[in-house]
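Asks: Mind having a look at this structure? Questions to follow.
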Amino acid sequence: TIFSVVNAVLLKPLPYRDGAQLVYVWADLRNRNVEDFPWAPGHVWDTQQRATVFDGVAGVFTGRTFMRAEGMEPEQVVVANGTTNMLRVLGARVAVGRDFQDSDAALPPPPPSVEPGTVAAPPPPPLPVTAIISDGLWQRRYGGDPDIVGQTVPLGNGNGRAHIIGVLEPGVELLFPAGVAVERQPDIFTVPRFDFAGANRNNVSLRVFGRLKDGVSVEQAQMQVDQIAKCANVPDYGWLGRSAPVDIALHLERPFFSVLAPSERLGHITGLAAD
C-alpha cells in the first residue's frame with residue numbers, strides 16, 4: 001500500500017514509544033473553509049469519554065512566559081499546557097519524580113460564603129500549576145539537581161507559581177506538521193486547573209492526538225470520531241474531524257488528507273513523525 005511504501009522509504013522512526021500507534025485528530029470548519037482547526041477542551045473531553053478505539057486521547061497548546069527567581073537571571077521559557085495524560089499518550093517517560101495524575105488538575109475550592117453584613121476575607125493566592133520540566137531546563141537552570149522535584153517556583157507574572165513534580169527523559173519533543181502553532185521543544189509541561197467537561201465549546205485552543213489500541217486501524221478510528229462528532233454540541237460551522245497516522249502527516253501535503261477524510265466528515269485523524 002502507499003502507507004507501507006512511504007513509511008519504509010521516506011520516514012524515520014518516531015522518537016516515541018510505539019510511535020506507529022499515534023494519530024493526530026484535526027478539526028475542520030467546513031462552512032467557513034477553515035482546515036486543521038484546534039479543538040475546544042469540551043470536545044476533547046467528549047472524545048475521551050466516548051471513544052473506545054484509543055488507549056488515550058490528549059490535547060496540548062504551547063506558549064511562552066518567564067521564570068524568575070531570586071539570585072537567578074530571568075529566563076523566557078516555552079510552556080506546554082495540556083491534559084493530564086498528554087505525556088502517557090505521547091509515550092514520553094518521566095525520568096525523575098512522577099507523571100501527572102488527574103488530581104493535579106483539580107479545580108480550586110470555591111470561596112467561602114459571606115454572611116450578610118460581614119466583610120469577605122481576602123481571597124487566598126491562586127494554587128500553583130503542577131509542572132514537569134524538560135531535561136534541558138533541568139540541566140541549564142538547576143544543574144541537574146534532583147531536589148528541584150517537590151519545589152514550587154515562580155512562573156509568569158504576578159503570583160504565578162509552578163509546583164515541579166518531575167523531570168522528563170532527554171529529547172522529548174512535540175512533533176506537529178509545519179504551520180501548526182505548537183512549539184517543538186517545551187521547557188515545561190503543565191496541566192491547567194480547568195473544567196474540561198463544562199467548558200465553552202466555542203473557545204478552541206488544543207491540538208489533539210491519540211494512541212490507537214492494538215489492532216485498531218486509522219480507518220476504524222475515523223469511523224468512531226465521525227460518530228462522536230454527530231453528537232458534538234457545536235455551532236453550525238460545519239465542524240468536521242479527521243484522523244491519520246502522525247508519521248505520514250509530518251511528511252505529506254494536503255492531498256493525502258483528502259483521501260483519508262472526505263469533506264463530509266466531522267473529525268479527522270492523522271499520524272506523528274520525526275523530520
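By convention here, the chains of the C-alpha cells are called A, B, ... in the order presented, each chain's residues are numbered starting at 1, and ligands are numbered starting at 1 in the order presented.
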So which residues touch Gln48 of chain A within 9 Å, counting only C-alpha atoms, skipping near sequence neighbours fewer than 6 positions away, as a ChimeraX atom specification?
Replies: /A:54,56-58
Asks: With 9 Å as the cut-off and only C-alpha atoms counted, what is the closest atom pair between each nearby residue of segment 129-240 of chain A and segment 105-110 of chain A? Distances in Å to one decimal, ordered by chain and number, as a Markdown table.
Replies:
```
| residue | atom | partner | partner_atom | distance |
| --- | --- | --- | --- | --- |
| A:Val129 | CA | A:Ala105 | CA | 8.0 |
| A:Thr130 | CA | A:Ala105 | CA | 7.7 |
| A:Val191 | CA | A:Ala105 | CA | 5.9 |
| A:Pro192 | CA | A:Ala105 | CA | 5.8 |
| A:Arg193 | CA | A:Ala105 | CA | 4.4 |
| A:Phe194 | CA | A:Leu107 | CA | 6.1 |
| A:Asp195 | CA | A:Leu107 | CA | 7.2 |
```
Asks: Contacts of Thr152 of chain A at 7 Å or less, counting only C-alpha atoms, minus same-chain residues fewer than 5 places along, as a PyMOL selection string?
Replies: chain A and resi 161-164
Asks: Atom CA of Gly42 of chain A and atom CA of Phe196 of chain A, how far apart in Å?
Replies: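 Interatomic distance, atom CA of Phe196 of chain A to atom CA of Gly42 of chain A: 5.2 Å.
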Asks: Of the candidates A:Val77, A:Val34, A:Met86, A:Val25, which shows the shortest atom-to-atom distance to Leu155 of chain A, using only C-alpha atoms?
Replies: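 Nearest to Leu155 of chain A: A:Val77.
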Asks: Within 10 Å of Ala121 of chain A, counting only C-alpha atoms, which residues qualify if same-chain residues fewer than 3 places away don't, as a ChimeraX atom specification?
Replies: /A:111-114,118,124
Asks: Write the residues of the selection above to a file with C-alpha atoms, as a tab-separated table (two decimals), in the first residue's frame.
Replies:
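Saved to out.tsv:
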```tsv
chain	number	residue	atom	x	y	z
A	111	PRO	CA	-14.64	30.86	48.05
A	112	PRO	CA	-16.40	30.64	51.41
A	113	SER	CA	-19.87	32.13	51.63
A	114	VAL	CA	-20.17	35.56	53.20
A	118	THR	CA	-19.82	40.87	57.15
A	124	PRO	CA	-6.12	33.10	49.01
```
Asks: Which residues come within 6 Å of Val60 of chain A, counting only C-alpha atoms, excluding same-chain residues fewer than 6 positions away, as a list in words?
Replies: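 My list of contacting residues is Asn81, Gly82, Leu206 and Arg207 of chain A.
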Asks: Export N, CA and C atoms of the chosen residues as a short mmCIF file (atom, residue, chain, number, x, y, z; two decimals), in the first residue's frame?
Replies:
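New file part-v2.cif:
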```cif
data_model
loop_
_atom_site.label_atom_id
_atom_site.label_comp_id
_atom_site.auth_asym_id
_atom_site.auth_seq_id
_atom_site.Cartn_x
_atom_site.Cartn_y
_atom_site.Cartn_z
N ASN A 81 0.83 23.47 27.81
CA ASN A 81 -0.32 23.23 28.68
C ASN A 81 -1.20 22.16 28.06
N GLY A 82 -1.61 21.18 28.85
CA GLY A 82 -2.41 20.13 28.24
C GLY A 82 -3.14 19.27 29.26
N LEU A 206 -6.76 23.62 21.74
CA LEU A 206 -5.98 22.40 21.90
C LEU A 206 -5.70 21.71 20.57
N ARG A 207 -4.45 21.29 20.40
CA ARG A 207 -4.10 20.37 19.32
C ARG A 207 -4.17 18.96 19.89
#
```
Asks: So that I can check the surroundings of Asp99 of chain A, please list as a CSV table (one decimal) with N, CA and C atoms, in the first residue's frame every protein, DNA and RNA residue that reaches within 8 Å of it, counting only C-alpha atoms and ignoring chain neighbours fewer than 4 positions away.
Replies:
```
chain,number,residue,atom,x,y,z
A,87,LEU,N,1.5,13.2,28.3
A,87,LEU,CA,2.9,12.5,28.2
A,87,LEU,C,2.7,11.0,28.1
A,94,VAL,N,8.9,10.0,32.4
A,94,VAL,CA,9.4,10.9,33.4
A,94,VAL,C,10.6,10.2,34.1
A,132,ILE,N,6.0,19.5,35.0
A,132,ILE,CA,7.1,18.6,34.8
A,132,ILE,C,8.0,19.4,33.8
A,165,ILE,N,6.9,18.4,39.8
A,165,ILE,CA,6.7,17.1,40.3
A,165,ILE,C,7.6,16.1,39.6
A,166,GLY,N,8.3,16.5,38.5
A,166,GLY,CA,9.1,15.6,37.7
A,166,GLY,C,10.0,16.2,36.7
```
Asks: Give me every alpha helix (DSSP H) residue in segment 15-106 of chain A, going by DSSP on the backbone, as a PyMOL selection string.
Replies: chain A and resi 41-50+86-90
Asks: Selection from above, N, CA and C atoms, as a PDB file, in the first residue's frame, can you write it?
Replies:
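The result, written out as again.pdb:
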```pdb
ATOM      1  N   PRO A  41     -11.697  22.424  24.534  1.00  0.00           N
ATOM      2  CA  PRO A  41     -11.495  21.445  25.610  1.00  0.00           C
ATOM      3  C   PRO A  41     -12.683  20.508  25.808  1.00  0.00           C
ATOM      4  N   GLY A  42     -13.900  21.030  25.634  1.00  0.00           N
ATOM      5  CA  GLY A  42     -15.073  20.179  25.812  1.00  0.00           C
ATOM      6  C   GLY A  42     -15.157  19.057  24.800  1.00  0.00           C
ATOM      7  N   HIS A  43     -14.710  19.313  23.564  1.00  0.00           N
ATOM      8  CA  HIS A  43     -14.712  18.261  22.542  1.00  0.00           C
ATOM      9  C   HIS A  43     -13.670  17.193  22.850  1.00  0.00           C
ATOM     10  N   VAL A  44     -12.546  17.617  23.416  1.00  0.00           N
ATOM     11  CA  VAL A  44     -11.547  16.632  23.830  1.00  0.00           C
ATOM     12  C   VAL A  44     -12.130  15.735  24.912  1.00  0.00           C
ATOM     13  N   TRP A  45     -12.813  16.342  25.859  1.00  0.00           N
ATOM     14  CA  TRP A  45     -13.429  15.562  26.946  1.00  0.00           C
ATOM     15  C   TRP A  45     -14.468  14.600  26.379  1.00  0.00           C
ATOM     16  N   ASP A  46     -15.298  15.068  25.439  1.00  0.00           N
ATOM     17  CA  ASP A  46     -16.294  14.188  24.819  1.00  0.00           C
ATOM     18  C   ASP A  46     -15.630  12.958  24.216  1.00  0.00           C
ATOM     19  N   THR A  47     -14.546  13.182  23.490  1.00  0.00           N
ATOM     20  CA  THR A  47     -13.864  12.078  22.821  1.00  0.00           C
ATOM     21  C   THR A  47     -13.220  11.143  23.822  1.00  0.00           C
ATOM     22  N   GLN A  48     -12.630  11.691  24.876  1.00  0.00           N
ATOM     23  CA  GLN A  48     -12.036  10.849  25.914  1.00  0.00           C
ATOM     24  C   GLN A  48     -13.078   9.938  26.557  1.00  0.00           C
ATOM     25  N   GLN A  49     -14.288  10.448  26.735  1.00  0.00           N
ATOM     26  CA  GLN A  49     -15.326   9.670  27.410  1.00  0.00           C
ATOM     27  C   GLN A  49     -15.963   8.623  26.504  1.00  0.00           C
ATOM     28  N   ARG A  50     -16.055   8.908  25.216  1.00  0.00           N
ATOM     29  CA  ARG A  50     -16.860   8.069  24.326  1.00  0.00           C
ATOM     30  C   ARG A  50     -16.059   7.140  23.430  1.00  0.00           C
ATOM     31  N   MET A  86      -1.242  13.725  28.669  1.00  0.00           N
ATOM     32  CA  MET A  86      -0.555  14.037  27.406  1.00  0.00           C
ATOM     33  C   MET A  86       0.784  13.311  27.276  1.00  0.00           C
ATOM     34  N   LEU A  87       1.549  13.180  28.336  1.00  0.00           N
ATOM     35  CA  LEU A  87       2.854  12.519  28.237  1.00  0.00           C
ATOM     36  C   LEU A  87       2.697  11.015  28.077  1.00  0.00           C
ATOM     37  N   ARG A  88       1.715  10.432  28.738  1.00  0.00           N
ATOM     38  CA  ARG A  88       1.489   8.989  28.595  1.00  0.00           C
ATOM     39  C   ARG A  88       1.017   8.646  27.186  1.00  0.00           C
ATOM     40  N   VAL A  89       0.110   9.456  26.636  1.00  0.00           N
ATOM     41  CA  VAL A  89      -0.348   9.202  25.268  1.00  0.00           C
ATOM     42  C   VAL A  89       0.812   9.364  24.291  1.00  0.00           C
ATOM     43  N   LEU A  90       1.624  10.363  24.516  1.00  0.00           N
ATOM     44  CA  LEU A  90       2.778  10.584  23.645  1.00  0.00           C
ATOM     45  C   LEU A  90       3.781   9.446  23.747  1.00  0.00           C
TER      46      LEU A  90
END
```
Asks: Select from segment 168-211 of chain A everything DSSP, run on the backbone, classes as strand (DSSP E or B), then give the selection as a list in words.
Replies: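 For segment 168-211 of chain A, the strand (DSSP E or B) set is Leu168, Ile188, Phe189, Thr190, Val191, Leu206, Arg207, Val208, Phe209, Gly210 and Arg211 of chain A.
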Asks: I want to know what sits within 9 Å of Gln224 of chain A, based on only C-alpha atoms, with residues of the same chain fewer than 4 positions away left out; could you give that as a PyMOL selection string?
Replies: chain A and resi 50-53+219-220+228-229
Asks: Go through A:Pro74, A:Pro15, A:Gly171, A:Gly179 and flag the residue nearest Pro154 of chain A, using only C-alpha atoms for the distances.
Replies: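 Of the candidates, the smallest distance to Pro154 of chain A is held by A:Pro74.
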Asks: Measuring atom to atom with only C-alpha atoms, identify which of A:Thr65, A:Gln222, A:Ser103, A:Ser134 is nearest to Gln185 of chain A.
Replies: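 Distance minimum relative to Gln185 of chain A lands on A:Ser134.
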Asks: Identify which of the residues A:Asn200, A:Val167, A:Leu22, A:Asp187 lies closest to Asp145 of chain A, counting only C-alpha atoms when measuring atom-to-atom distances.
Replies: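 Answer, going by the shortest atom-to-atom distance: A:Val167.
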